[in-house]
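First comes the structure, then the notes that go with it.
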Amino acid sequence: MSGILYVIGTPIGNLGDITLRAIETLQKIEVLYCEDSRVTARLINHLIETGKLTKKPRYIPYNEFNESRMGEEVARSVEEGMVVGLVTDAGMPGISDPGYRAIRACHDKDLSVQVIPGVTALTMALPYSGIGGEVTVYAGFLPKTSGKAQRILEASKKMMDELGTGRLVLYVSPHRLLKDLELIMRVMGNVHCVLLRELTKMHEERIEGTVEELILKYKNGVKGELVLVISLE
């Protein structure tokens, strides 16, 4: 009898954001594939210390360095009848994080997959930004090669120009913020945007302005996890 893969959303910062359904599901898990076992252990230990969980699963690393082979291992575990969980360090697996290969492998073998939804930086950033638009383009992290990144921005701008409405959402690494902003300026012009930093954490911050204003503000660098919402209306 085959088991099941649970794809579990976890908090992006504030541990209080975990859902009741996620806690109930974690209680069932035998093996938990996780991006960084140290990060996941902090969450599991917190849930045990607060009396929400009574046991720890077995952790197995699943990350960008081994996901090409681990996807099949996850599927084999499910096929052998195990109750398996998949989490990332923060948010939902498969959204700019490892995970889709394991999910795909289970689907290809007709194995049971259930998604336990949770908070993501994307879904929090959209309402928090206050930027509207009938169409939303999510591009995740821009590629490190400037040519590919430029083509993504050009395609997004072209589509929004044709529709006359829209917003573009990007995840941004702190050390690449200036490069990404400068590329956005070259391709899209001095557009209006909102930078959201450290969502749900102690130093959460919302900064609104033009691309040029953000470049000036962060010319000496920035820390934390970042989401950029760009208005294309």
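Chain labels run A, B, ... following the order of the structure tokens; each chain numbers its residues from 1, and ligands are numbered from 1 in the order shown.
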Can I get the residues of segment 37-92 of chain A within 10 Å of segment 7-14 of chain A, each with the closest pair of atoms and their distance in Å to one decimal, using only C-alpha atoms, sorted chain first then ascending number, as a tab-separated table?
```
residue	atom	partner	partner_atom	distance
A:Thr40	CA	A:Thr10	CA	9.1
A:Leu43	CA	A:Thr10	CA	8.6
A:Val84	CA	A:Val7	CA	8.7
A:Gly85	CA	A:Val7	CA	6.0
A:Leu86	CA	A:Val7	CA	4.9
A:Val87	CA	A:Ile8	CA	5.5
A:Thr88	CA	A:Thr10	CA	7.4
A:Asp89	CA	A:Thr10	CA	7.6
A:Ala90	CA	A:Ile12	CA	4.4
A:Gly91	CA	A:Thr10	CA	5.0
A:Met92	CA	A:Gly9	CA	4.5
```
- Task: Assign secondary structure with DSSP using the backbone only, and return the residues of segment 132-178 of chain A in strand (DSSP E or B) as JSON, numbers by chain.
- Result: {"A": [136, 137, 138, 139, 140, 141, 167, 168, 169, 170, 171, 172]}
Filtering to C-alpha atoms, could you give me those residues as a PDB file, in the first residue's frame?
```
ATOM      1  CA  THR A 136       0.110  39.991 -11.637  1.00  0.00           C
ATOM      2  CA  VAL A 137       3.392  38.642 -12.994  1.00  0.00           C
ATOM      3  CA  TYR A 138       5.541  36.720 -10.529  1.00  0.00           C
ATOM      4  CA  ALA A 139       9.127  36.243 -11.686  1.00  0.00           C
ATOM      5  CA  GLY A 140      10.789  34.995  -8.490  1.00  0.00           C
ATOM      6  CA  PHE A 141      14.517  35.773  -8.328  1.00  0.00           C
ATOM      7  CA  ARG A 167       2.193  44.565 -11.333  1.00  0.00           C
ATOM      8  CA  LEU A 168       5.425  42.598 -11.294  1.00  0.00           C
ATOM      9  CA  VAL A 169       6.636  40.786  -8.171  1.00  0.00           C
ATOM     10  CA  LEU A 170      10.294  39.879  -7.684  1.00  0.00           C
ATOM     11  CA  TYR A 171      12.194  38.204  -4.884  1.00  0.00           C
ATOM     12  CA  VAL A 172      15.515  39.999  -4.412  1.00  0.00           C
TER      13      VAL A 172
END
```
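The two atoms in question, atom CA of Lys148 of chain A and atom CA of Pro127 of chain A, are spaced 28.3 Å apart.
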Please extract the residues of segment 145-197 of chain A with a backbone DSSP assignment of helix (DSSP H, G or I) and present them as a PDB file with N, CA and C atoms, in the first residue's frame.
```pdb
ATOM      1  N   SER A 146      22.751  38.767 -16.726  1.00  0.00           N
ATOM      2  CA  SER A 146      21.993  39.984 -17.025  1.00  0.00           C
ATOM      3  C   SER A 146      21.137  39.848 -18.277  1.00  0.00           C
ATOM      4  N   GLY A 147      21.597  39.061 -19.252  1.00  0.00           N
ATOM      5  CA  GLY A 147      20.833  38.897 -20.486  1.00  0.00           C
ATOM      6  C   GLY A 147      19.490  38.234 -20.235  1.00  0.00           C
ATOM      7  N   LYS A 148      19.478  37.142 -19.474  1.00  0.00           N
ATOM      8  CA  LYS A 148      18.228  36.446 -19.152  1.00  0.00           C
ATOM      9  C   LYS A 148      17.324  37.335 -18.307  1.00  0.00           C
ATOM     10  N   ALA A 149      17.918  38.010 -17.323  1.00  0.00           N
ATOM     11  CA  ALA A 149      17.132  38.889 -16.460  1.00  0.00           C
ATOM     12  C   ALA A 149      16.487  40.005 -17.272  1.00  0.00           C
ATOM     13  N   GLN A 150      17.237  40.554 -18.203  1.00  0.00           N
ATOM     14  CA  GLN A 150      16.705  41.630 -19.043  1.00  0.00           C
ATOM     15  C   GLN A 150      15.540  41.141 -19.894  1.00  0.00           C
ATOM     16  N   ARG A 151      15.650  39.935 -20.431  1.00  0.00           N
ATOM     17  CA  ARG A 151      14.564  39.400 -21.268  1.00  0.00           C
ATOM     18  C   ARG A 151      13.285  39.190 -20.460  1.00  0.00           C
ATOM     19  N   ILE A 152      13.432  38.769 -19.207  1.00  0.00           N
ATOM     20  CA  ILE A 152      12.252  38.598 -18.346  1.00  0.00           C
ATOM     21  C   ILE A 152      11.580  39.948 -18.099  1.00  0.00           C
ATOM     22  N   LEU A 153      12.367  40.959 -17.807  1.00  0.00           N
ATOM     23  CA  LEU A 153      11.810  42.290 -17.561  1.00  0.00           C
ATOM     24  C   LEU A 153      11.177  42.864 -18.824  1.00  0.00           C
ATOM     25  N   GLU A 154      11.825  42.675 -19.961  1.00  0.00           N
ATOM     26  CA  GLU A 154      11.287  43.181 -21.228  1.00  0.00           C
ATOM     27  C   GLU A 154       9.958  42.510 -21.565  1.00  0.00           C
ATOM     28  N   ALA A 155       9.900  41.194 -21.368  1.00  0.00           N
ATOM     29  CA  ALA A 155       8.660  40.468 -21.662  1.00  0.00           C
ATOM     30  C   ALA A 155       7.535  40.906 -20.734  1.00  0.00           C
ATOM     31  N   SER A 156       7.856  41.122 -19.472  1.00  0.00           N
ATOM     32  CA  SER A 156       6.850  41.577 -18.507  1.00  0.00           C
ATOM     33  C   SER A 156       6.337  42.961 -18.882  1.00  0.00           C
ATOM     34  N   LYS A 157       7.273  43.842 -19.229  1.00  0.00           N
ATOM     35  CA  LYS A 157       6.885  45.214 -19.601  1.00  0.00           C
ATOM     36  C   LYS A 157       6.028  45.216 -20.858  1.00  0.00           C
ATOM     37  N   LYS A 158       6.408  44.409 -21.844  1.00  0.00           N
ATOM     38  CA  LYS A 158       5.647  44.364 -23.090  1.00  0.00           C
ATOM     39  C   LYS A 158       4.214  43.908 -22.848  1.00  0.00           C
ATOM     40  N   MET A 159       4.054  42.848 -22.045  1.00  0.00           N
ATOM     41  CA  MET A 159       2.716  42.345 -21.765  1.00  0.00           C
ATOM     42  C   MET A 159       1.879  43.381 -21.024  1.00  0.00           C
ATOM     43  N   MET A 160       2.476  44.019 -20.029  1.00  0.00           N
ATOM     44  CA  MET A 160       1.735  45.016 -19.258  1.00  0.00           C
ATOM     45  C   MET A 160       1.401  46.249 -20.097  1.00  0.00           C
ATOM     46  N   ASP A 161       2.326  46.636 -20.974  1.00  0.00           N
ATOM     47  CA  ASP A 161       2.060  47.779 -21.858  1.00  0.00           C
ATOM     48  C   ASP A 161       0.867  47.486 -22.766  1.00  0.00           C
ATOM     49  N   GLU A 162       0.800  46.258 -23.263  1.00  0.00           N
ATOM     50  CA  GLU A 162      -0.300  45.887 -24.150  1.00  0.00           C
ATOM     51  C   GLU A 162      -1.629  45.836 -23.403  1.00  0.00           C
ATOM     52  N   LEU A 163      -1.586  45.384 -22.130  1.00  0.00           N
ATOM     53  CA  LEU A 163      -2.808  45.270 -21.341  1.00  0.00           C
ATOM     54  C   LEU A 163      -3.191  46.592 -20.679  1.00  0.00           C
ATOM     55  N   PRO A 174      19.659  40.446  -1.007  1.00  0.00           N
ATOM     56  CA  PRO A 174      20.200  41.737  -0.553  1.00  0.00           C
ATOM     57  C   PRO A 174      21.432  42.173  -1.327  1.00  0.00           C
ATOM     58  N   HIS A 175      22.327  41.234  -1.628  1.00  0.00           N
ATOM     59  CA  HIS A 175      23.570  41.605  -2.306  1.00  0.00           C
ATOM     60  C   HIS A 175      23.365  41.916  -3.791  1.00  0.00           C
ATOM     61  N   ARG A 176      22.168  41.641  -4.322  1.00  0.00           N
ATOM     62  CA  ARG A 176      21.891  41.922  -5.724  1.00  0.00           C
ATOM     63  C   ARG A 176      20.884  43.055  -5.907  1.00  0.00           C
ATOM     64  N   LEU A 177      20.438  43.657  -4.814  1.00  0.00           N
ATOM     65  CA  LEU A 177      19.387  44.662  -4.914  1.00  0.00           C
ATOM     66  C   LEU A 177      19.762  45.795  -5.861  1.00  0.00           C
ATOM     67  N   LEU A 178      20.931  46.372  -5.702  1.00  0.00           N
ATOM     68  CA  LEU A 178      21.312  47.508  -6.559  1.00  0.00           C
ATOM     69  C   LEU A 178      21.397  47.095  -8.030  1.00  0.00           C
ATOM     70  N   LYS A 179      21.996  45.942  -8.306  1.00  0.00           N
ATOM     71  CA  LYS A 179      22.095  45.474  -9.697  1.00  0.00           C
ATOM     72  C   LYS A 179      20.713  45.284 -10.312  1.00  0.00           C
ATOM     73  N   ASP A 180      19.812  44.671  -9.543  1.00  0.00           N
ATOM     74  CA  ASP A 180      18.458  44.441 -10.062  1.00  0.00           C
ATOM     75  C   ASP A 180      17.730  45.763 -10.286  1.00  0.00           C
ATOM     76  N   LEU A 181      17.866  46.695  -9.351  1.00  0.00           N
ATOM     77  CA  LEU A 181      17.198  47.992  -9.502  1.00  0.00           C
ATOM     78  C   LEU A 181      17.742  48.754 -10.713  1.00  0.00           C
ATOM     79  N   GLU A 182      19.048  48.695 -10.908  1.00  0.00           N
ATOM     80  CA  GLU A 182      19.644  49.391 -12.058  1.00  0.00           C
ATOM     81  C   GLU A 182      19.171  48.786 -13.371  1.00  0.00           C
ATOM     82  N   LEU A 183      19.027  47.476 -13.412  1.00  0.00           N
ATOM     83  CA  LEU A 183      18.517  46.814 -14.616  1.00  0.00           C
ATOM     84  C   LEU A 183      17.056  47.177 -14.849  1.00  0.00           C
ATOM     85  N   ILE A 184      16.271  47.211 -13.789  1.00  0.00           N
ATOM     86  CA  ILE A 184      14.860  47.611 -13.903  1.00  0.00           C
ATOM     87  C   ILE A 184      14.765  49.036 -14.451  1.00  0.00           C
ATOM     88  N   MET A 185      15.636  49.911 -13.974  1.00  0.00           N
ATOM     89  CA  MET A 185      15.646  51.302 -14.455  1.00  0.00           C
ATOM     90  C   MET A 185      15.938  51.348 -15.945  1.00  0.00           C
ATOM     91  N   ARG A 186      16.897  50.536 -16.404  1.00  0.00           N
ATOM     92  CA  ARG A 186      17.260  50.548 -17.819  1.00  0.00           C
ATOM     93  C   ARG A 186      16.129  50.009 -18.702  1.00  0.00           C
ATOM     94  N   VAL A 187      15.465  48.969 -18.233  1.00  0.00           N
ATOM     95  CA  VAL A 187      14.447  48.305 -19.060  1.00  0.00           C
ATOM     96  C   VAL A 187      13.081  48.962 -18.927  1.00  0.00           C
ATOM     97  N   MET A 188      12.697  49.322 -17.720  1.00  0.00           N
ATOM     98  CA  MET A 188      11.333  49.787 -17.455  1.00  0.00           C
ATOM     99  C   MET A 188      11.222  51.270 -17.164  1.00  0.00           C
TER     100      MET A 188
END
```
Mind running segment 88-111 of chain A against segment 49-67 of chain A at 8 Å and telling me each contacting residue's nearest atom pair with the distance in Å (one decimal), counting only C-alpha atoms, chain and number ascending, as a tab-separated table?
```
residue	atom	partner	partner_atom	distance
A:Asp97	CA	A:Glu64	CA	7.9
A:Pro98	CA	A:Asn63	CA	5.7
A:Gly99	CA	A:Glu67	CA	7.5
A:Arg101	CA	A:Glu67	CA	7.1
A:Ala102	CA	A:Glu67	CA	7.9
```
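Closest approach to Leu26 of chain A among A:Ala75, A:Leu5, A:Val222, A:Met70 is made by A:Leu5 (distances from only C-alpha atoms).
Distance check against Ile103 of chain A using only C-alpha atoms: of A:Arg197, A:Val74, A:Gly81, A:Leu122, the minimum falls on A:Val74.
The space between atom CA of Thr123 of chain A and atom CA of Gly94 of chain A spans 14.3 Å.
The spacing separating atom CA of Arg42 of chain A from atom CA of Gly16 of chain A amounts to 12.9 Å.
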